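Q: Let me begin by handing over the structure; questions about it come next.
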Amino acid sequence: MSKLKTIIIGAIMGAFVSSGFAQNVEFEKDNFKDRKQEFKEAMKEIKAGDEYWEEGPWRYVLAIPHYEKAYKFNPNSAMLNFKLGNCYLNSVSKYKAQEYFLKAYKLNPTVHRTIHFCIAQGYHLNYEWDKAVYEFELYRKTLSQKDDIDEIFLVNKKIEECKTGKRLMQKPERVWIDNLGPEVNSKYAEYSPLITADESVIMFTARRDNTVGEGIDEGDSKYFEDIYLATKKDGKWEASKNIGKPINSENHDATAGLSPDGQTLYIFYGRKKGGDIYVSKLENGIWTKPEALGKNINTDYHESTACLSYDGKQLYFVTDKPGGFGGRDVYISTWDEEKEKWGPGENIGPAINTKYDEAGVFIHPDGQTMYFASKGHETMGGYDIFYTKFKEGKWTKPINIGYPINTPDDDVHFVVSASGRHGYYSSFRKDGVGEKDLYLVTFLGPEKQPLMNNEDNLMASLAQPVKEKAMEPKVEVRASRLAILKGMIRNAKTLEPIEAKIELIDNDKNALVSGFKSDAKSGKYLVSLPAGKNYGIAVKADGYLFHSENFNIPDSAGYREYEKNIDLKQIEVGNTIVLRNIFFDTDKYSLRKASTNELERLTKLLKDNPTIRIEISGHTDSQGSDEHNETLSHNRAKTVVEYLTKNGIAGGRLEYKGYGEKQPIASNKTAEGRQENRRTEFKILSK
């Protein structure tokens, strides 16, 4: 052989070696004649792994350690690579699947009829959209238009998901995504977060080693699910804790929904049938024993997430019971005041529900925005998060919340703070503390347009003189149109917490919007006030004078948070309260209709305490003459007394007086102070 020919052959052989060329070597005796004992041990692992493989994808993860041991012995089996790829695809380490799929194909392009579909899934998960589409199309060519209709439909959907993903990635949402840190997350899985409207409490599901009973699910060899809670102090999360019994049990217990004030918790229990939703209340600082929701909610099928509307009158939930548009649909139930139970669940309709699955429903405290997960609509893979608005009596077309919040993988449980600035969800990410973690999403809004520097301005002015100063556009951030009122309700003398009833009134309609209670142990309360209403708020407790507040929140209002501790006064001589929801037109003394609820509360107080005598007093600000203000305040107080006498209160129990501007409770130098001074009060004269 010539020297030149030897060099050429050597170069060719070297190229094969350097390119990682390998031959398919399956697990057969003849391939391992010199390694009989090792082969025997590897086959034991293959057999153990195959037992899990044959049970289906939900058990694939348990096959991984067995297959990996066999892989160390023989990494060049196309079929073992194919199986490992599918096992990882159904695990928390699904991004590892692609290396096995590609190797399986390289070893044997015909290893399995679905190999191109598997490779496409790997590219899809890794955001390689064009490569994924190419592989999906190769797989589609192998299918029969007559016999494989369902598979063709699936492949076509996957191709559309890739196109959606590519489009969404080209215009990413401006967000920060931050891990909630080791105080909340652990080396185990955390998911399904729930928050109070003010973000002071987070609840979530986790599979940790301190689960109640410390039991392990034989199905996947992981700890049972339990519900955990963390609270925020001085802007930082404190260490999360197992919420304990009676919420958690020795079985699976998962978060399903939380009221905006954090005092009503919905739990998913998979004890019977497909799984039901239970409810627990926070009373005296302790969670009550969970009770199953009625038959109008729970069925023989699978009910998962639930979410309470801001006013507590509607419950949105997810079920896969027959009669829907797809597998899992979103339903709504209305609270029946007379029967004191939830009414029949009604499908929310095709604007939200698709022929695919919907899940993870969350109704924002603004009362009109819904977030939910769907495999339908325009997704970029698996479940994506969408949002929709309730306008003119119907839900608008759902909008994909976008990349990078949504990924090619499943993105399901997403909740948003009352302010609209923050979202919380679970995700697999490289900066994770453990398996999958909880993350905080901060919405930044549109990007600022860059300002020209001085040189750019000078160059521009040479071409065209500058005639006006350009202002930098304001960057809008995601913000809700609502207010949050929160604080503590206490005894005015002792400052001890009180369990009180809180009524939220639509003053313009004279209608009760909703009722709440403060926590008896802490006195804490939280109320959501969506924009577009004039709200009256009444706080009542046995043995105390009621307290009223007024909040007028126009449609144009942005998010605001009010913190107000309310100290209730006992029914004692000399105690005075301001009737903040009694309204008069400017410079007049005729009562406006919006005053009705406040006057009815005062009437009821007098009837419930038939021996007390009171003085109704009118007050004004300092604008106008002293004489005019005194006359106006006198007539306003007289009008209130006349209302009370017409509604059954004896005149001998009532006095009235106008003090004009003589008794201010705030400065008259500001509009806010003058508004405080324009008021109606009553004082207990005797019991």
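Just so we're on the same page: first chain in the structure tokens is A, next is B, and so on; residues restart at 1 for each chain, and ligands are numbered from 1 in the order they show up.
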Applying 10 Å and only C-alpha atoms, which residues near A:Ala637 remain after dropping the ones on its own chain fewer than 6 positions away? List them as a PyMOL selection string.

A: chain A and resi 589+615-619+655-659+679-682

Q: Tell me which protein, DNA and RNA residues are within 7 Å of A:Phe551, counting only C-alpha atoms, leaving out same-chain ones fewer than 3 positions away, and put them as a list in words.

A: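 Within the cut-off, the hits are Asn534, Tyr535 and Gly536 of chain A.
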
Q: Write the residues of the preceding selection, restricted to all heavy atoms, as a PDB file, in the first residue's frame.

A:
```pdb
ATOM      1  N   ASN A 534     -69.381  53.937  44.383  1.00  0.00           N
ATOM      2  CA  ASN A 534     -69.303  54.703  45.618  1.00  0.00           C
ATOM      3  C   ASN A 534     -69.654  53.733  46.739  1.00  0.00           C
ATOM      4  O   ASN A 534     -70.799  53.308  46.869  1.00  0.00           O
ATOM      5  CB  ASN A 534     -70.293  55.873  45.563  1.00  0.00           C
ATOM      6  CG  ASN A 534     -70.227  56.746  46.814  1.00  0.00           C
ATOM      7  OD1 ASN A 534     -69.668  56.347  47.828  1.00  0.00           O
ATOM      8  ND2 ASN A 534     -70.813  57.929  46.736  1.00  0.00           N
ATOM      9  N   TYR A 535     -68.649  53.362  47.545  1.00  0.00           N
ATOM     10  CA  TYR A 535     -68.839  52.328  48.552  1.00  0.00           C
ATOM     11  C   TYR A 535     -69.096  52.921  49.929  1.00  0.00           C
ATOM     12  O   TYR A 535     -68.425  53.860  50.357  1.00  0.00           O
ATOM     13  CB  TYR A 535     -67.602  51.442  48.656  1.00  0.00           C
ATOM     14  CG  TYR A 535     -67.343  50.588  47.454  1.00  0.00           C
ATOM     15  CD1 TYR A 535     -66.372  50.952  46.530  1.00  0.00           C
ATOM     16  CD2 TYR A 535     -68.040  49.401  47.241  1.00  0.00           C
ATOM     17  CE1 TYR A 535     -66.103  50.161  45.423  1.00  0.00           C
ATOM     18  CE2 TYR A 535     -67.784  48.604  46.141  1.00  0.00           C
ATOM     19  CZ  TYR A 535     -66.819  48.981  45.227  1.00  0.00           C
ATOM     20  OH  TYR A 535     -66.567  48.204  44.145  1.00  0.00           O
ATOM     21  N   GLY A 536     -70.062  52.312  50.619  1.00  0.00           N
ATOM     22  CA  GLY A 536     -70.222  52.547  52.034  1.00  0.00           C
ATOM     23  C   GLY A 536     -69.753  51.305  52.765  1.00  0.00           C
ATOM     24  O   GLY A 536     -70.048  50.185  52.347  1.00  0.00           O
TER      25      GLY A 536
END
```

Q: Figure out the distance between atom CA of A:Ala132 and atom CA of A:Ile115, please, to one decimal in Å.

A: 12.3 Å

Q: Pick out the residues sitting within 7 Å of stretch 153-169 of chain A, and hand them over as a PyMOL selection string; count only C-alpha atoms, and ignore anything fewer than 5 positions along from it in its own chain.

A: chain A and resi 124+129+133+136+140+378-381+402-403

Q: Extract, using only C-alpha atoms, all DNA, RNA and protein residues at most 9 Å from A:Glu183, discarding same-chain residues fewer than 4 positions from it, and format them as an MDAnalysis selection string.

A: chainID A and resid 230 237:240

Q: Mind dumping the selected residues with all heavy atoms as a PDB file, in the first residue's frame?

A:
```
ATOM      1  N   ALA A 230     -46.572  30.766  54.071  1.00  0.00           N
ATOM      2  CA  ALA A 230     -45.516  31.711  54.448  1.00  0.00           C
ATOM      3  C   ALA A 230     -46.126  33.102  54.546  1.00  0.00           C
ATOM      4  O   ALA A 230     -47.046  33.445  53.798  1.00  0.00           O
ATOM      5  CB  ALA A 230     -44.379  31.705  53.430  1.00  0.00           C
ATOM      6  N   TRP A 237     -40.206  37.433  52.910  1.00  0.00           N
ATOM      7  CA  TRP A 237     -40.910  36.226  53.298  1.00  0.00           C
ATOM      8  C   TRP A 237     -40.226  35.559  54.479  1.00  0.00           C
ATOM      9  O   TRP A 237     -39.008  35.384  54.486  1.00  0.00           O
ATOM     10  CB  TRP A 237     -40.977  35.242  52.127  1.00  0.00           C
ATOM     11  CG  TRP A 237     -41.851  35.705  51.005  1.00  0.00           C
ATOM     12  CD1 TRP A 237     -41.465  36.133  49.774  1.00  0.00           C
ATOM     13  CD2 TRP A 237     -43.281  35.797  51.020  1.00  0.00           C
ATOM     14  NE1 TRP A 237     -42.549  36.493  49.019  1.00  0.00           N
ATOM     15  CE2 TRP A 237     -43.678  36.297  49.755  1.00  0.00           C
ATOM     16  CE3 TRP A 237     -44.258  35.507  51.973  1.00  0.00           C
ATOM     17  CZ2 TRP A 237     -45.018  36.503  49.434  1.00  0.00           C
ATOM     18  CZ3 TRP A 237     -45.589  35.722  51.644  1.00  0.00           C
ATOM     19  CH2 TRP A 237     -45.960  36.205  50.392  1.00  0.00           C
ATOM     20  N   GLU A 238     -41.031  35.185  55.460  1.00  0.00           N
ATOM     21  CA  GLU A 238     -40.509  34.380  56.555  1.00  0.00           C
ATOM     22  C   GLU A 238     -40.543  32.910  56.149  1.00  0.00           C
ATOM     23  O   GLU A 238     -41.181  32.542  55.168  1.00  0.00           O
ATOM     24  CB  GLU A 238     -41.345  34.616  57.820  1.00  0.00           C
ATOM     25  CG  GLU A 238     -41.255  36.059  58.319  1.00  0.00           C
ATOM     26  CD  GLU A 238     -41.968  36.256  59.640  1.00  0.00           C
ATOM     27  OE1 GLU A 238     -43.085  35.721  59.780  1.00  0.00           O
ATOM     28  OE2 GLU A 238     -41.426  36.930  60.518  1.00  0.00           O
ATOM     29  N   ALA A 239     -39.853  32.060  56.884  1.00  0.00           N
ATOM     30  CA  ALA A 239     -39.753  30.648  56.523  1.00  0.00           C
ATOM     31  C   ALA A 239     -41.138  30.007  56.434  1.00  0.00           C
ATOM     32  O   ALA A 239     -41.980  30.183  57.317  1.00  0.00           O
ATOM     33  CB  ALA A 239     -38.893  29.908  57.542  1.00  0.00           C
ATOM     34  N   SER A 240     -41.375  29.287  55.355  1.00  0.00           N
ATOM     35  CA  SER A 240     -42.666  28.625  55.158  1.00  0.00           C
ATOM     36  C   SER A 240     -42.832  27.474  56.134  1.00  0.00           C
ATOM     37  O   SER A 240     -41.857  26.838  56.548  1.00  0.00           O
ATOM     38  CB  SER A 240     -42.790  28.124  53.720  1.00  0.00           C
ATOM     39  OG  SER A 240     -41.758  27.211  53.420  1.00  0.00           O
TER      40      SER A 240
END
```

Q: Name all residues at most 7 Å from A:Ala189 (count only C-alpha atoms; drop same-chain ones fewer than 3 positions away) and give them as a list in words.

A: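 Once the nearby chain positions are removed, what remains is Ala206, Arg207, Gly434, Glu435, Lys436 and Asp437 of chain A.
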
Q: Store the residues picked out above, limited to N, CA, C and O atoms, as an mmCIF file, in the first residue's frame.

A:
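New file result-v7.cif:
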```cif
data_model
loop_
_atom_site.group_PDB
_atom_site.id
_atom_site.type_symbol
_atom_site.label_atom_id
_atom_site.label_comp_id
_atom_site.auth_asym_id
_atom_site.auth_seq_id
_atom_site.Cartn_x
_atom_site.Cartn_y
_atom_site.Cartn_z
ATOM 1 N N ALA A 206 -46.725 21.449 48.385
ATOM 2 C CA ALA A 206 -45.350 20.948 48.301
ATOM 3 C C ALA A 206 -45.323 19.476 48.686
ATOM 4 O O ALA A 206 -46.218 18.982 49.377
ATOM 5 N N ARG A 207 -44.254 18.805 48.233
ATOM 6 C CA ARG A 207 -44.076 17.380 48.556
ATOM 7 C C ARG A 207 -42.759 17.236 49.317
ATOM 8 O O ARG A 207 -41.747 16.839 48.758
ATOM 9 N N GLY A 434 -34.855 23.870 44.171
ATOM 10 C CA GLY A 434 -35.072 22.434 44.171
ATOM 11 C C GLY A 434 -35.672 21.955 42.871
ATOM 12 O O GLY A 434 -35.281 22.390 41.787
ATOM 13 N N GLU A 435 -36.662 21.071 42.973
ATOM 14 C CA GLU A 435 -37.247 20.456 41.780
ATOM 15 C C GLU A 435 -37.935 21.513 40.917
ATOM 16 O O GLU A 435 -37.455 21.899 39.876
ATOM 17 N N LYS A 436 -39.095 21.984 41.351
ATOM 18 C CA LYS A 436 -39.696 23.163 40.726
ATOM 19 C C LYS A 436 -40.055 24.123 41.845
ATOM 20 O O LYS A 436 -40.447 23.703 42.937
ATOM 21 N N ASP A 437 -39.913 25.399 41.571
ATOM 22 C CA ASP A 437 -40.004 26.424 42.612
ATOM 23 C C ASP A 437 -41.100 27.429 42.304
ATOM 24 O O ASP A 437 -41.617 27.514 41.185
#
```

Q: Counting only C-alpha atoms, which residues in stretch 256-332 of chain A sit no more than 12 Å from stretch 522-530 of chain A? For each one, give the nearest pair of atoms and the distance in Å, sorted by chain then residue number, as CSV.

A:
```
residue,atom,partner,partner_atom,distance
A:Ser259,CA,A:Leu526,CA,10.1
A:Pro260,CA,A:Ser528,CA,7.4
A:Asp261,CA,A:Leu526,CA,5.0
A:Gly262,CA,A:Leu526,CA,8.3
A:Gln263,CA,A:Tyr525,CA,9.0
A:Leu282,CA,A:Ser522,CA,10.9
A:Glu283,CA,A:Ser522,CA,10.0
A:Asn284,CA,A:Ser522,CA,7.7
A:Gly285,CA,A:Ser522,CA,7.1
A:Ile286,CA,A:Ser522,CA,10.9
A:Ser309,CA,A:Ser528,CA,10.1
A:Tyr310,CA,A:Ser528,CA,6.3
A:Asp311,CA,A:Ser528,CA,8.0
A:Gly312,CA,A:Ser528,CA,10.7
```

Q: Which neighbours of A:Asp226 fall inside 7 Å, counting only C-alpha atoms, when residues of the same chain fewer than 4 positions from it are skipped, and could you give them as a list in words?

A: Thr205, Ala206, Arg207, Thr211, Asn248, His252, Asp253 and Ala254 of chain A

Q: Which neighbours of stretch 54-57 of chain A fall inside 12 Å, counting only C-alpha atoms, when residues of the same chain fewer than 2 positions from it are skipped, and could you give them as a list in words?

A: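 My list of contacting residues is Ile46, Lys47, Ala48, Gly49, Asp50, Glu51, Tyr52, Arg59, Tyr60, Val61, Leu62, Ala63, Ile64, Lys83, Leu84, Gly85, Asn86, Cys87, Tyr88, Leu89, Asn90, Ser91, Gly219 and Asp220 of chain A.
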
Q: Next, the residues of the selection above should be written as a compact mmCIF listing (two decimals), in the first residue's frame with N, CA, C and O atoms.

A:
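What follows is the written file out-v1.txt:
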```txt
# COMPACT_ATOMS: atom_id res chain seq x y z
N ILE A 46 -32.61 -3.68 33.07
CA ILE A 46 -33.51 -3.46 31.94
C ILE A 46 -34.89 -4.03 32.27
O ILE A 46 -35.93 -3.38 32.04
N LYS A 47 -34.91 -5.24 32.82
CA LYS A 47 -36.18 -5.88 33.16
C LYS A 47 -36.93 -5.07 34.21
O LYS A 47 -38.16 -4.88 34.12
N ALA A 48 -36.21 -4.58 35.24
CA ALA A 48 -36.85 -3.77 36.29
C ALA A 48 -37.42 -2.49 35.71
O ALA A 48 -38.53 -2.06 36.05
N GLY A 49 -36.64 -1.86 34.82
CA GLY A 49 -37.13 -0.64 34.19
C GLY A 49 -38.32 -0.89 33.29
O GLY A 49 -39.27 -0.10 33.25
N ASP A 50 -38.30 -2.02 32.57
CA ASP A 50 -39.39 -2.33 31.65
C ASP A 50 -40.71 -2.56 32.39
O ASP A 50 -41.79 -2.32 31.84
N GLU A 51 -40.63 -3.03 33.62
CA GLU A 51 -41.86 -3.24 34.39
C GLU A 51 -42.58 -1.90 34.62
O GLU A 51 -43.81 -1.82 34.53
N TYR A 52 -41.81 -0.86 34.92
CA TYR A 52 -42.41 0.47 35.06
C TYR A 52 -42.83 1.01 33.69
O TYR A 52 -43.88 1.66 33.57
N ARG A 59 -45.47 6.25 35.16
CA ARG A 59 -44.52 5.48 35.96
C ARG A 59 -43.12 5.50 35.34
O ARG A 59 -42.18 4.90 35.89
N TYR A 60 -42.97 6.18 34.22
CA TYR A 60 -41.67 6.19 33.53
C TYR A 60 -40.54 6.68 34.42
O TYR A 60 -39.41 6.21 34.35
N VAL A 61 -40.84 7.67 35.25
CA VAL A 61 -39.78 8.28 36.07
C VAL A 61 -39.11 7.26 36.98
O VAL A 61 -37.91 7.36 37.27
N LEU A 62 -39.87 6.24 37.39
CA LEU A 62 -39.30 5.21 38.26
C LEU A 62 -38.39 4.25 37.51
O LEU A 62 -37.60 3.52 38.12
N ALA A 63 -38.50 4.25 36.18
CA ALA A 63 -37.63 3.38 35.38
C ALA A 63 -36.25 3.99 35.16
O ALA A 63 -35.30 3.27 34.84
N ILE A 64 -36.13 5.30 35.35
CA ILE A 64 -34.89 6.00 35.01
C ILE A 64 -33.66 5.41 35.72
O ILE A 64 -32.66 5.11 35.06
N LYS A 83 -36.00 4.78 25.04
CA LYS A 83 -36.79 4.67 26.26
C LYS A 83 -36.36 5.70 27.31
O LYS A 83 -37.21 6.30 27.98
N LEU A 84 -35.05 5.90 27.46
CA LEU A 84 -34.59 6.90 28.42
C LEU A 84 -35.08 8.29 28.04
O LEU A 84 -35.46 9.09 28.90
N GLY A 85 -35.06 8.58 26.75
CA GLY A 85 -35.57 9.88 26.30
C GLY A 85 -37.01 10.08 26.72
O GLY A 85 -37.39 11.14 27.23
N ASN A 86 -37.84 9.06 26.53
CA ASN A 86 -39.25 9.17 26.91
C ASN A 86 -39.43 9.23 28.42
O ASN A 86 -40.33 9.91 28.92
N CYS A 87 -38.57 8.53 29.16
CA CYS A 87 -38.66 8.59 30.62
C CYS A 87 -38.35 10.00 31.12
O CYS A 87 -39.06 10.54 31.97
N TYR A 88 -37.28 10.60 30.58
CA TYR A 88 -36.95 11.97 31.00
C TYR A 88 -38.00 12.97 30.53
O TYR A 88 -38.27 13.96 31.21
N LEU A 89 -38.61 12.70 29.40
CA LEU A 89 -39.65 13.59 28.89
C LEU A 89 -40.84 13.64 29.84
O LEU A 89 -41.57 14.62 29.88
N ASN A 90 -41.02 12.58 30.61
CA ASN A 90 -42.12 12.52 31.58
C ASN A 90 -41.63 12.71 33.01
O ASN A 90 -42.25 12.22 33.96
N SER A 91 -40.53 13.42 33.16
CA SER A 91 -39.95 13.68 34.48
C SER A 91 -39.72 15.17 34.65
O SER A 91 -39.99 15.96 33.76
N GLY A 219 -47.20 5.34 44.13
CA GLY A 219 -47.30 5.54 42.68
C GLY A 219 -46.07 6.14 42.06
O GLY A 219 -45.63 5.72 40.99
N ASP A 220 -45.46 7.13 42.75
CA ASP A 220 -44.27 7.78 42.18
C ASP A 220 -43.11 7.87 43.18
O ASP A 220 -42.10 8.52 42.90
```

Q: So, with only C-alpha atoms as the atoms that count, which of A:Gly382, A:Pro172, A:Pro193, A:Pro109 lies closest to A:Gln121?

A: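 Among the listed residues, the smallest separation from A:Gln121 belongs to A:Gly382.
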
Q: Determine, using only C-alpha atoms, which residues of stretch 550-583 of chain A have any atom at most 12 Å from an atom of stretch 415-422 of chain A, and tabulate each with its shortest atom pair and distance in Å to one decimal place, rows ordered by chain and then rising number, as a Markdown table.

A:
```
| residue | atom | partner | partner_atom | distance |
| --- | --- | --- | --- | --- |
| A:Ala557 | CA | A:Ser419 | CA | 12.0 |
| A:Gly558 | CA | A:Ser419 | CA | 8.7 |
| A:Tyr559 | CA | A:Ser419 | CA | 5.6 |
| A:Arg560 | CA | A:Ser419 | CA | 7.6 |
| A:Glu561 | CA | A:Ser419 | CA | 8.5 |
```
